[in-house]
>>> print(open('query_12.pdb').read())   # PDB, N, CA and C atoms and all ligand atoms
ATOM      1  N   MET A   1       0.839  -1.207   0.000
ATOM      2  CA  MET A   1       0.000   0.000   0.000
ATOM      3  C   MET A   1       0.874   1.258   0.000
ATOM      4  N   THR A   2       0.280   2.340  -0.441
ATOM      5  CA  THR A   2       1.014   3.602  -0.490
ATOM      6  C   THR A   2       0.027   4.746  -0.293
ATOM      7  N   PHE A   3       0.562   5.921  -0.110
ATOM      8  CA  PHE A   3      -0.251   7.128  -0.167
ATOM      9  C   PHE A   3      -0.037   7.770  -1.536
ATOM     10  N   VAL A   4      -1.010   8.586  -1.951
ATOM     11  CA  VAL A   4      -1.032   9.102  -3.318
ATOM     12  C   VAL A   4      -1.331  10.603  -3.286
ATOM     13  N   VAL A   5      -0.595  11.387  -4.076
ATOM     14  CA  VAL A   5      -0.901  12.813  -4.219
ATOM     15  C   VAL A   5      -1.871  12.981  -5.395
ATOM     16  N   THR A   6      -2.928  13.747  -5.176
ATOM     17  CA  THR A   6      -3.969  13.895  -6.194
ATOM     18  C   THR A   6      -4.050  15.337  -6.708
ATOM     19  N   GLU A   7      -5.047  15.566  -7.538
ATOM     20  CA  GLU A   7      -5.135  16.764  -8.387
ATOM     21  C   GLU A   7      -5.006  18.107  -7.669
ATOM     22  N   ASN A   8      -5.514  18.220  -6.462
ATOM     23  CA  ASN A   8      -5.518  19.561  -5.865
ATOM     24  C   ASN A   8      -4.129  20.067  -5.474
ATOM     25  N   CYS A   9      -3.132  19.218  -5.559
ATOM     26  CA  CYS A   9      -1.744  19.687  -5.350
ATOM     27  C   CYS A   9      -1.270  20.540  -6.525
ATOM     28  N   ILE A  10      -1.804  20.266  -7.715
ATOM     29  CA  ILE A  10      -1.337  20.963  -8.923
ATOM     30  C   ILE A  10      -1.511  22.477  -8.762
ATOM     31  N   LYS A  11      -0.445  23.199  -9.058
ATOM     32  CA  LYS A  11      -0.391  24.668  -8.985
ATOM     33  C   LYS A  11      -0.423  25.216  -7.553
ATOM     34  N   CYS A  12      -0.419  24.337  -6.555
ATOM     35  CA  CYS A  12      -0.331  24.774  -5.152
ATOM     36  C   CYS A  12       1.039  24.397  -4.612
ATOM     37  N   LYS A  13       1.316  23.074  -4.565
ATOM     38  CA  LYS A  13       2.613  22.548  -4.132
ATOM     39  C   LYS A  13       3.087  23.186  -2.822
ATOM     40  N   TYR A  14       2.295  23.005  -1.791
ATOM     41  CA  TYR A  14       2.616  23.617  -0.496
ATOM     42  C   TYR A  14       3.881  23.020   0.139
ATOM     43  N   THR A  15       4.132  21.758  -0.100
ATOM     44  CA  THR A  15       5.315  21.006   0.396
ATOM     45  C   THR A  15       5.357  20.750   1.914
ATOM     46  N   ASP A  16       4.289  21.042   2.632
ATOM     47  CA  ASP A  16       4.246  20.674   4.070
ATOM     48  C   ASP A  16       4.411  19.159   4.240
ATOM     49  N   CYS A  17       3.945  18.427   3.257
ATOM     50  CA  CYS A  17       4.014  16.964   3.293
ATOM     51  C   CYS A  17       5.455  16.457   3.384
ATOM     52  N   VAL A  18       6.337  17.127   2.679
ATOM     53  CA  VAL A  18       7.733  16.696   2.583
ATOM     54  C   VAL A  18       8.398  16.674   3.962
ATOM     55  N   GLU A  19       8.065  17.690   4.737
ATOM     56  CA  GLU A  19       8.717  17.873   6.025
ATOM     57  C   GLU A  19       8.500  16.709   6.991
ATOM     58  N   VAL A  20       7.371  16.060   6.892
ATOM     59  CA  VAL A  20       7.051  15.018   7.877
ATOM     60  C   VAL A  20       7.373  13.601   7.411
ATOM     61  N   CYS A  21       7.715  13.432   6.152
ATOM     62  CA  CYS A  21       7.908  12.066   5.632
ATOM     63  C   CYS A  21       9.207  11.454   6.173
ATOM     64  N   PRO A  22       9.099  10.351   6.905
ATOM     65  CA  PRO A  22      10.298   9.771   7.534
ATOM     66  C   PRO A  22      11.223   9.065   6.548
ATOM     67  N   VAL A  23      10.729   8.776   5.351
ATOM     68  CA  VAL A  23      11.576   8.051   4.388
ATOM     69  C   VAL A  23      11.869   8.860   3.117
ATOM     70  N   ASP A  24      11.542  10.152   3.138
ATOM     71  CA  ASP A  24      11.866  11.038   2.008
ATOM     72  C   ASP A  24      11.440  10.460   0.657
ATOM     73  N   CYS A  25      10.179  10.101   0.557
ATOM     74  CA  CYS A  25       9.746   9.465  -0.700
ATOM     75  C   CYS A  25       8.891  10.372  -1.584
ATOM     76  N   PHE A  26       9.054  11.713  -1.407
ATOM     77  CA  PHE A  26       8.372  12.651  -2.311
ATOM     78  C   PHE A  26       9.303  13.054  -3.454
ATOM     79  N   TYR A  27       8.704  13.241  -4.619
ATOM     80  CA  TYR A  27       9.452  13.632  -5.817
ATOM     81  C   TYR A  27       8.772  14.846  -6.430
ATOM     82  N   GLU A  28       9.590  15.763  -6.958
ATOM     83  CA  GLU A  28       9.086  17.087  -7.306
ATOM     84  C   GLU A  28       9.148  17.399  -8.797
ATOM     85  N   GLY A  29       7.990  17.800  -9.315
ATOM     86  CA  GLY A  29       7.919  18.335 -10.660
ATOM     87  C   GLY A  29       7.719  19.837 -10.589
ATOM     88  N   PRO A  30       7.531  20.502 -11.750
ATOM     89  CA  PRO A  30       7.409  21.963 -11.764
ATOM     90  C   PRO A  30       6.243  22.481 -10.921
ATOM     91  N   ASN A  31       5.097  21.807 -10.951
ATOM     92  CA  ASN A  31       3.952  22.334 -10.187
ATOM     93  C   ASN A  31       3.142  21.247  -9.470
ATOM     94  N   PHE A  32       3.801  20.153  -9.103
ATOM     95  CA  PHE A  32       3.099  19.010  -8.481
ATOM     96  C   PHE A  32       4.147  18.128  -7.806
ATOM     97  N   LEU A  33       3.713  17.427  -6.777
ATOM     98  CA  LEU A  33       4.584  16.459  -6.113
ATOM     99  C   LEU A  33       3.958  15.069  -6.231
ATOM    100  N   VAL A  34       4.789  14.047  -6.206
ATOM    101  CA  VAL A  34       4.268  12.674  -6.179
ATOM    102  C   VAL A  34       4.990  11.875  -5.095
ATOM    103  N   ILE A  35       4.366  10.744  -4.750
ATOM    104  CA  ILE A  35       4.922   9.825  -3.760
ATOM    105  C   ILE A  35       5.384   8.560  -4.485
ATOM    106  N   HIS A  36       6.575   8.089  -4.158
ATOM    107  CA  HIS A  36       7.051   6.839  -4.764
ATOM    108  C   HIS A  36       6.381   5.657  -4.048
ATOM    109  N   PRO A  37       5.576   4.883  -4.778
ATOM    110  CA  PRO A  37       4.784   3.834  -4.114
ATOM    111  C   PRO A  37       5.625   2.709  -3.510
ATOM    112  N   ASP A  38       6.827   2.504  -4.031
ATOM    113  CA  ASP A  38       7.667   1.426  -3.492
ATOM    114  C   ASP A  38       8.470   1.877  -2.276
ATOM    115  N   GLU A  39       8.498   3.184  -2.032
ATOM    116  CA  GLU A  39       9.281   3.709  -0.908
ATOM    117  C   GLU A  39       8.406   4.119   0.272
ATOM    118  N   CYS A  40       7.161   4.486  -0.004
ATOM    119  CA  CYS A  40       6.227   4.911   1.047
ATOM    120  C   CYS A  40       5.992   3.755   2.028
ATOM    121  N   ILE A  41       6.096   4.062   3.325
ATOM    122  CA  ILE A  41       5.904   3.025   4.349
ATOM    123  C   ILE A  41       4.506   3.108   4.987
ATOM    124  N   ASP A  42       3.633   3.937   4.358
ATOM    125  CA  ASP A  42       2.243   3.918   4.781
ATOM    126  C   ASP A  42       2.041   4.451   6.198
ATOM    127  N   CYS A  43       2.857   5.403   6.591
ATOM    128  CA  CYS A  43       2.780   5.883   7.978
ATOM    129  C   CYS A  43       1.642   6.865   8.201
ATOM    130  N   ALA A  44       1.124   7.459   7.118
ATOM    131  CA  ALA A  44      -0.019   8.381   7.168
ATOM    132  C   ALA A  44       0.293   9.755   7.746
ATOM    133  N   LEU A  45       1.540  10.042   8.029
ATOM    134  CA  LEU A  45       1.873  11.338   8.623
ATOM    135  C   LEU A  45       1.610  12.509   7.683
ATOM    136  N   CYS A  46       1.815  12.303   6.395
ATOM    137  CA  CYS A  46       1.681  13.410   5.438
ATOM    138  C   CYS A  46       0.231  13.816   5.193
ATOM    139  N   GLU A  47      -0.671  12.887   5.281
ATOM    140  CA  GLU A  47      -2.065  13.148   4.883
ATOM    141  C   GLU A  47      -2.675  14.370   5.580
ATOM    142  N   PRO A  48      -2.609  14.458   6.909
ATOM    143  CA  PRO A  48      -3.221  15.627   7.563
ATOM    144  C   PRO A  48      -2.418  16.917   7.403
ATOM    145  N   GLU A  49      -1.180  16.826   6.944
ATOM    146  CA  GLU A  49      -0.333  18.017   6.818
ATOM    147  C   GLU A  49      -0.630  18.824   5.565
ATOM    148  N   CYS A  50      -1.236  18.212   4.558
ATOM    149  CA  CYS A  50      -1.445  18.909   3.283
ATOM    150  C   CYS A  50      -2.584  19.929   3.395
ATOM    151  N   PRO A  51      -2.289  21.238   3.247
ATOM    152  CA  PRO A  51      -3.338  22.252   3.350
ATOM    153  C   PRO A  51      -4.382  22.113   2.244
ATOM    154  N   ALA A  52      -4.003  21.480   1.147
ATOM    155  CA  ALA A  52      -4.911  21.323   0.010
ATOM    156  C   ALA A  52      -5.698  20.013   0.078
ATOM    157  N   GLU A  53      -5.446  19.237   1.123
ATOM    158  CA  GLU A  53      -6.109  17.928   1.284
ATOM    159  C   GLU A  53      -5.990  17.076   0.013
ATOM    160  N   ALA A  54      -4.794  17.050  -0.528
ATOM    161  CA  ALA A  54      -4.559  16.354  -1.803
ATOM    162  C   ALA A  54      -4.018  14.941  -1.625
ATOM    163  N   ILE A  55      -3.712  14.545  -0.375
ATOM    164  CA  ILE A  55      -3.082  13.238  -0.166
ATOM    165  C   ILE A  55      -4.092  12.236   0.397
ATOM    166  N   PHE A  56      -4.115  11.061  -0.227
ATOM    167  CA  PHE A  56      -5.023   9.996   0.198
ATOM    168  C   PHE A  56      -4.274   8.681   0.290
ATOM    169  N   SER A  57      -4.735   7.833   1.175
ATOM    170  CA  SER A  57      -4.306   6.447   1.152
ATOM    171  C   SER A  57      -4.793   5.829  -0.167
ATOM    172  N   GLU A  58      -3.990   4.945  -0.714
ATOM    173  CA  GLU A  58      -4.326   4.356  -2.016
ATOM    174  C   GLU A  58      -5.753   3.798  -2.069
ATOM    175  N   ASP A  59      -6.202   3.202  -0.976
ATOM    176  CA  ASP A  59      -7.542   2.594  -1.002
ATOM    177  C   ASP A  59      -8.648   3.602  -0.707
ATOM    178  N   GLU A  60      -8.281   4.885  -0.518
ATOM    179  CA  GLU A  60      -9.303   5.909  -0.290
ATOM    180  C   GLU A  60      -9.286   7.002  -1.354
ATOM    181  N   VAL A  61      -8.517   6.778  -2.405
ATOM    182  CA  VAL A  61      -8.478   7.769  -3.486
ATOM    183  C   VAL A  61      -9.868   7.850  -4.128
ATOM    184  N   PRO A  62     -10.427   9.072  -4.246
ATOM    185  CA  PRO A  62     -11.769   9.202  -4.826
ATOM    186  C   PRO A  62     -11.826   8.643  -6.255
ATOM    187  N   ASP A  63     -13.011   8.237  -6.664
ATOM    188  CA  ASP A  63     -13.178   7.620  -7.985
ATOM    189  C   ASP A  63     -12.638   8.495  -9.110
ATOM    190  N   ASP A  64     -12.873   9.805  -9.018
ATOM    191  CA  ASP A  64     -12.439  10.677 -10.121
ATOM    192  C   ASP A  64     -10.950  11.031 -10.052
ATOM    193  N   GLN A  65     -10.246  10.439  -9.101
ATOM    194  CA  GLN A  65      -8.811  10.715  -8.949
ATOM    195  C   GLN A  65      -7.962   9.457  -9.157
ATOM    196  N   GLN A  66      -8.600   8.391  -9.602
ATOM    197  CA  GLN A  66      -7.892   7.103  -9.708
ATOM    198  C   GLN A  66      -6.672   7.150 -10.618
ATOM    199  N   GLN A  67      -6.720   8.010 -11.625
ATOM    200  CA  GLN A  67      -5.587   8.108 -12.561
ATOM    201  C   GLN A  67      -4.304   8.566 -11.857
ATOM    202  N   PHE A  68      -4.450   9.165 -10.690
ATOM    203  CA  PHE A  68      -3.264   9.637  -9.975
ATOM    204  C   PHE A  68      -2.473   8.506  -9.326
ATOM    205  N   ILE A  69      -3.062   7.342  -9.194
ATOM    206  CA  ILE A  69      -2.319   6.208  -8.627
ATOM    207  C   ILE A  69      -1.182   5.798  -9.576
ATOM    208  N   PRO A  70      -1.468   5.469 -10.837
ATOM    209  CA  PRO A  70      -0.350   5.169 -11.745
ATOM    210  C   PRO A  70       0.514   6.382 -12.058
ATOM    211  N   LEU A  71      -0.075   7.560 -12.029
ATOM    212  CA  LEU A  71       0.693   8.771 -12.341
ATOM    213  C   LEU A  71       1.766   9.044 -11.273
ATOM    214  N   ASN A  72       1.442   8.833  -9.999
ATOM    215  CA  ASN A  72       2.458   8.979  -8.946
ATOM    216  C   ASN A  72       3.610   8.011  -9.201
ATOM    217  N   ALA A  73       3.287   6.763  -9.530
ATOM    218  CA  ALA A  73       4.322   5.755  -9.760
ATOM    219  C   ALA A  73       5.210   6.144 -10.946
ATOM    220  N   GLU A  74       4.567   6.620 -12.005
ATOM    221  CA  GLU A  74       5.315   6.981 -13.225
ATOM    222  C   GLU A  74       6.248   8.173 -12.983
ATOM    223  N   LEU A  75       5.719   9.225 -12.394
ATOM    224  CA  LEU A  75       6.502  10.452 -12.259
ATOM    225  C   LEU A  75       7.553  10.354 -11.149
ATOM    226  N   ALA A  76       7.334   9.490 -10.170
ATOM    227  CA  ALA A  76       8.330   9.313  -9.102
ATOM    228  C   ALA A  76       9.621   8.709  -9.658
ATOM    229  N   GLU A  77       9.519   8.015 -10.777
ATOM    230  CA  GLU A  77      10.716   7.445 -11.410
ATOM    231  C   GLU A  77      11.468   8.495 -12.225
ATOM    232  N   LYS A  78      10.773   9.567 -12.540
ATOM    233  CA  LYS A  78      11.306  10.543 -13.490
ATOM    234  C   LYS A  78      11.805  11.809 -12.792
ATOM    235  N   TRP A  79      11.111  12.228 -11.742
ATOM    236  CA  TRP A  79      11.403  13.509 -11.111
ATOM    237  C   TRP A  79      12.423  13.369  -9.979
ATOM    238  N   PRO A  80      13.098  14.473  -9.606
ATOM    239  CA  PRO A  80      14.060  14.438  -8.496
ATOM    240  C   PRO A  80      13.390  14.375  -7.126
ATOM    241  N   ASN A  81      14.109  13.799  -6.196
ATOM    242  CA  ASN A  81      13.671  13.699  -4.806
ATOM    243  C   ASN A  81      13.613  15.101  -4.178
ATOM    244  N   ILE A  82      12.629  15.321  -3.302
ATOM    245  CA  ILE A  82      12.586  16.573  -2.522
ATOM    246  C   ILE A  82      12.527  16.193  -1.052
ATOM    247  N   THR A  83      13.393  16.783  -0.246
ATOM    248  CA  THR A  83      13.485  16.381   1.160
ATOM    249  C   THR A  83      13.268  17.531   2.135
ATOM    250  N   GLU A  84      13.150  18.749   1.605
ATOM    251  CA  GLU A  84      12.922  19.887   2.502
ATOM    252  C   GLU A  84      11.778  20.741   2.001
ATOM    253  N   LYS A  85      11.024  21.280   2.966
ATOM    254  CA  LYS A  85       9.912  22.169   2.634
ATOM    255  C   LYS A  85      10.442  23.424   1.946
ATOM    256  N   LYS A  86       9.678  23.943   1.013
ATOM    257  CA  LYS A  86      10.018  25.210   0.388
ATOM    258  C   LYS A  86       8.751  26.049   0.279
ATOM    259  N   ASP A  87       8.880  27.276  -0.236
ATOM    260  CA  ASP A  87       7.696  28.123  -0.378
ATOM    261  C   ASP A  87       6.702  27.478  -1.347
ATOM    262  N   PRO A  88       5.397  27.641  -1.081
ATOM    263  CA  PRO A  88       4.404  27.158  -2.039
ATOM    264  C   PRO A  88       4.522  27.934  -3.349
ATOM    265  N   LEU A  89       3.863  27.460  -4.386
ATOM    266  CA  LEU A  89       3.824  28.242  -5.623
ATOM    267  C   LEU A  89       3.117  29.573  -5.336
ATOM    268  N   PRO A  90       3.512  30.639  -6.058
ATOM    269  CA  PRO A  90       3.038  31.987  -5.699
ATOM    270  C   PRO A  90       1.524  32.148  -5.688
ATOM    271  N   GLU A  91       0.819  31.414  -6.549
ATOM    272  CA  GLU A  91      -0.640  31.570  -6.592
ATOM    273  C   GLU A  91      -1.357  30.382  -5.956
ATOM    274  N   ALA A  92      -0.677  29.732  -5.001
ATOM    275  CA  ALA A  92      -1.240  28.527  -4.376
ATOM    276  C   ALA A  92      -2.631  28.776  -3.804
ATOM    277  N   LYS A  93      -2.808  29.878  -3.107
ATOM    278  CA  LYS A  93      -4.104  30.139  -2.457
ATOM    279  C   LYS A  93      -5.230  30.270  -3.482
ATOM    280  N   GLU A  94      -4.930  30.929  -4.599
ATOM    281  CA  GLU A  94      -5.968  31.112  -5.629
ATOM    282  C   GLU A  94      -6.348  29.781  -6.284
ATOM    283  N   TRP A  95      -5.379  28.899  -6.419
ATOM    284  CA  TRP A  95      -5.634  27.638  -7.128
ATOM    285  C   TRP A  95      -6.152  26.536  -6.216
ATOM    286  N   ASP A  96      -5.996  26.694  -4.933
ATOM    287  CA  ASP A  96      -6.433  25.667  -3.983
ATOM    288  C   ASP A  96      -7.947  25.458  -4.099
ATOM    289  N   GLY A  97      -8.353  24.262  -4.470
ATOM    290  CA  GLY A  97      -9.776  23.939  -4.560
ATOM    291  C   GLY A  97     -10.387  24.120  -5.933
ATOM    292  N   LYS A  98      -9.629  24.695  -6.869
ATOM    293  CA  LYS A  98     -10.167  24.846  -8.230
ATOM    294  C   LYS A  98     -10.315  23.473  -8.893
ATOM    295  N   PRO A  99     -11.406  23.235  -9.624
ATOM    296  CA  PRO A  99     -11.588  21.941 -10.287
ATOM    297  C   PRO A  99     -10.787  21.841 -11.589
ATOM    298  N   ASP A 100     -10.660  20.629 -12.074
ATOM    299  CA  ASP A 100     -10.069  20.373 -13.403
ATOM    300  C   ASP A 100      -8.684  20.975 -13.591
ATOM    301  N   LYS A 101      -7.812  20.731 -12.632
ATOM    302  CA  LYS A 101      -6.449  21.267 -12.751
ATOM    303  C   LYS A 101      -5.512  20.316 -13.492
ATOM    304  N   MET A 102      -5.993  19.121 -13.800
ATOM    305  CA  MET A 102      -5.152  18.132 -14.447
ATOM    306  C   MET A 102      -4.485  18.686 -15.707
ATOM    307  N   LYS A 103      -5.224  19.519 -16.456
ATOM    308  CA  LYS A 103      -4.691  20.034 -17.723
ATOM    309  C   LYS A 103      -3.495  20.980 -17.508
ATOM    310  N   TYR A 104      -3.305  21.427 -16.281
ATOM    311  CA  TYR A 104      -2.183  22.329 -16.010
ATOM    312  C   TYR A 104      -0.935  21.595 -15.509
ATOM    313  N   LEU A 105      -1.048  20.278 -15.338
ATOM    314  CA  LEU A 105       0.091  19.521 -14.824
ATOM    315  C   LEU A 105       1.277  19.625 -15.782
ATOM    316  N   GLU A 106       2.382  20.102 -15.253
ATOM    317  CA  GLU A 106       3.612  20.189 -16.061
ATOM    318  C   GLU A 106       4.490  19.004 -15.712
ATOM    319  N   LYS A 107       4.876  18.268 -16.747
ATOM    320  CA  LYS A 107       5.742  17.116 -16.524
ATOM    321  C   LYS A 107       7.164  17.451 -16.915
TER     322      LYS A 107
HETATM  323 FE1  LIG A 201       5.926   9.491   3.511
HETATM  324 FE2  LIG A 201       4.400   8.318   5.368
HETATM  325 FE3  LIG A 201       3.296   9.946   3.564
HETATM  326 FE4  LIG A 201       4.216   7.573   2.802
HETATM  327  S1  LIG A 201       2.499   7.959   4.194
HETATM  328  S2  LIG A 201       4.538   9.531   1.737
HETATM  329  S3  LIG A 201       5.982   7.348   4.137
HETATM  330  S4  LIG A 201       4.762  10.541   5.150
HETATM  331 FE1  LIG A 202       1.093  19.068  -2.683
HETATM  332 FE2  LIG A 202      -0.144  19.085  -0.383
HETATM  333 FE3  LIG A 202       2.327  18.319  -0.484
HETATM  334  S1  LIG A 202      -0.344  20.621  -1.981
HETATM  335  S2  LIG A 202       3.169  19.494  -2.139
HETATM  336  S3  LIG A 202       0.637  17.310  -1.470
HETATM  337  S4  LIG A 202       1.422  19.556   1.103
END
>>> encode(input="query_12.pdb", output="structure tokens", more="lines below")
Ligand code: SF4
Ligand code: F3S
Amino acid sequence: MTFVVTENCIKCKYTDCVEVCPVDCFYEGPNFLVIHPDECIDCALCEPECPAEAIFSEDEVPDDQQQFIPLNAELAEKWPNITEKKDPLPEAKEWDGKPDKMKYLEK
């Protein structure tokens, strides 16, 4: 099992999640973060830390977010590791909660 970052992280990227992960299994793209499913130890610490409520346990990912399960696995192999919190994206507050952000995902 793993935890999964879903759509509402896009264009927000608060990175509070990174700070609490005991195994440093977050990977960073231009405007989104993913979790490496083979490295996540399922500790659940990151889930309540995300201000955008974008992190779910794999078995609780909403139906309309299922595509993010394979997407986390794919992009975690491609993107660099992130181990320290940084500033959110400049317009994070405006984008938090906006629907249909998938089209803005930069790979
Ligand atoms: Fe890291 Fe734990 Fe979150 Fe997995 S559940 S990404 S190990 S903080
Ligand atoms: Fe994204 Fe939430 Fe982490 S917005 S960067 S999953 S704290």
>>> atom_distance(input="query_12.pdb", atom1="atom N of A:Asp63", atom2="atom N of A:Glu7")
10.9 Å
>>> residues_near_ligand(input="query_12.pdb", ligand="ligand LIG 201 (chain A)", cutoff="6 Å", atoms="all atoms listed in the file", output="PyMOL selection string")
chain A and resi 2-3+20-26+35+39-47
>>> select_by_dssp(input="query_12.pdb", residues="stretch 18-105 of chain A", states="strand (DSSP E)", output="PyMOL selection string")
chain A and resi 26-28+33-35+55-57
>>> residues_near_ligand(input="query_12.pdb", ligand="ligand LIG 202 (chain A)", cutoff="7 Å", atoms="only C-alpha atoms and all ligand atoms", output="mmCIF file with N, CA and C atoms, in the frame of the given file")
data_model
loop_
_atom_site.group_PDB
_atom_site.id
_atom_site.type_symbol
_atom_site.label_atom_id
_atom_site.label_comp_id
_atom_site.auth_asym_id
_atom_site.auth_seq_id
_atom_site.Cartn_x
_atom_site.Cartn_y
_atom_site.Cartn_z
ATOM 1 N N VAL A 5 -0.595 11.387 -4.076
ATOM 2 C CA VAL A 5 -0.901 12.813 -4.219
ATOM 3 C C VAL A 5 -1.871 12.981 -5.395
ATOM 4 N N ASN A 8 -5.514 18.220 -6.462
ATOM 5 C CA ASN A 8 -5.518 19.561 -5.865
ATOM 6 C C ASN A 8 -4.129 20.067 -5.474
ATOM 7 N N CYS A 9 -3.132 19.218 -5.559
ATOM 8 C CA CYS A 9 -1.744 19.687 -5.350
ATOM 9 C C CYS A 9 -1.270 20.540 -6.525
ATOM 10 N N ILE A 10 -1.804 20.266 -7.715
ATOM 11 C CA ILE A 10 -1.337 20.963 -8.923
ATOM 12 C C ILE A 10 -1.511 22.477 -8.762
ATOM 13 N N CYS A 12 -0.419 24.337 -6.555
ATOM 14 C CA CYS A 12 -0.331 24.774 -5.152
ATOM 15 C C CYS A 12 1.039 24.397 -4.612
ATOM 16 N N LYS A 13 1.316 23.074 -4.565
ATOM 17 C CA LYS A 13 2.613 22.548 -4.132
ATOM 18 C C LYS A 13 3.087 23.186 -2.822
ATOM 19 N N TYR A 14 2.295 23.005 -1.791
ATOM 20 C CA TYR A 14 2.616 23.617 -0.496
ATOM 21 C C TYR A 14 3.881 23.020 0.139
ATOM 22 N N THR A 15 4.132 21.758 -0.100
ATOM 23 C CA THR A 15 5.315 21.006 0.396
ATOM 24 C C THR A 15 5.357 20.750 1.914
ATOM 25 N N ASP A 16 4.289 21.042 2.632
ATOM 26 C CA ASP A 16 4.246 20.674 4.070
ATOM 27 C C ASP A 16 4.411 19.159 4.240
ATOM 28 N N CYS A 17 3.945 18.427 3.257
ATOM 29 C CA CYS A 17 4.014 16.964 3.293
ATOM 30 C C CYS A 17 5.455 16.457 3.384
ATOM 31 N N VAL A 18 6.337 17.127 2.679
ATOM 32 C CA VAL A 18 7.733 16.696 2.583
ATOM 33 C C VAL A 18 8.398 16.674 3.962
ATOM 34 N N PHE A 32 3.801 20.153 -9.103
ATOM 35 C CA PHE A 32 3.099 19.010 -8.481
ATOM 36 C C PHE A 32 4.147 18.128 -7.806
ATOM 37 N N LEU A 33 3.713 17.427 -6.777
ATOM 38 C CA LEU A 33 4.584 16.459 -6.113
ATOM 39 C C LEU A 33 3.958 15.069 -6.231
ATOM 40 N N GLU A 49 -1.180 16.826 6.944
ATOM 41 C CA GLU A 49 -0.333 18.017 6.818
ATOM 42 C C GLU A 49 -0.630 18.824 5.565
ATOM 43 N N CYS A 50 -1.236 18.212 4.558
ATOM 44 C CA CYS A 50 -1.445 18.909 3.283
ATOM 45 C C CYS A 50 -2.584 19.929 3.395
ATOM 46 N N PRO A 51 -2.289 21.238 3.247
ATOM 47 C CA PRO A 51 -3.338 22.252 3.350
ATOM 48 C C PRO A 51 -4.382 22.113 2.244
ATOM 49 N N ALA A 52 -4.003 21.480 1.147
ATOM 50 C CA ALA A 52 -4.911 21.323 0.010
ATOM 51 C C ALA A 52 -5.698 20.013 0.078
ATOM 52 N N GLU A 53 -5.446 19.237 1.123
ATOM 53 C CA GLU A 53 -6.109 17.928 1.284
ATOM 54 C C GLU A 53 -5.990 17.076 0.013
ATOM 55 N N ALA A 54 -4.794 17.050 -0.528
ATOM 56 C CA ALA A 54 -4.559 16.354 -1.803
ATOM 57 C C ALA A 54 -4.018 14.941 -1.625
ATOM 58 N N ILE A 55 -3.712 14.545 -0.375
ATOM 59 C CA ILE A 55 -3.082 13.238 -0.166
ATOM 60 C C ILE A 55 -4.092 12.236 0.397
#
>>> closest_residue(input="query_12.pdb", among="A:Asn31, A:Asn81, A:Asn72, A:Gln65", to="A:Val4", atoms="only C-alpha atoms")
A:Asn72
>>> select_by_dssp(input="query_12.pdb", residues="chain A", states="helix (DSSP H, G or I)", output="PyMOL selection string")
chain A and resi 7-9+16-20+47-49+58-60+63-65+68-76+92-95+102-104
>>> residues_around(input="query_12.pdb", residues="A:Trp95", least_positions_apart="3", cutoff="6.5 Å", atoms="only N, CA and C atoms", output="PyMOL selection string")
chain A and resi 11-12+91-92+98
>>> atom_distance(input="query_12.pdb", atom1="atom N of A:Glu58", atom2="atom CA of A:Val34")
12.6 Å
>>> atom_distance(input="query_12.pdb", atom1="atom CA of A:Asp87", atom2="atom CA of A:Asp38")
26.9 Å
>>> closest_residue(input="query_12.pdb", among="A:Ala73, A:Pro80, A:Pro62, A:Lys85", to="A:Gly29", atoms="only N, CA and C atoms")
A:Pro80
>>> axis_aligned_box(input="query_12.pdb", around="stretch 9-21 of chain A", padding_each_side="6 Å", output="AutoDock Vina command-line options")
--center_x 3.0 --center_y 18.3 --center_z -0.6 --size_x 24.3 --size_y 25.8 --size_z 28.9
>>> closest_residue(input="query_12.pdb", among="A:Glu94, A:Leu105, A:Val61, A:Thr6", to="A:Pro30", atoms="all atoms listed in the file")
A:Leu105
>>> closest_residue(input="query_12.pdb", among="A:Met1, A:Glu19, A:Asp100, A:Pro37", to="A:Glu74", atoms="all atoms listed in the file")
A:Pro37
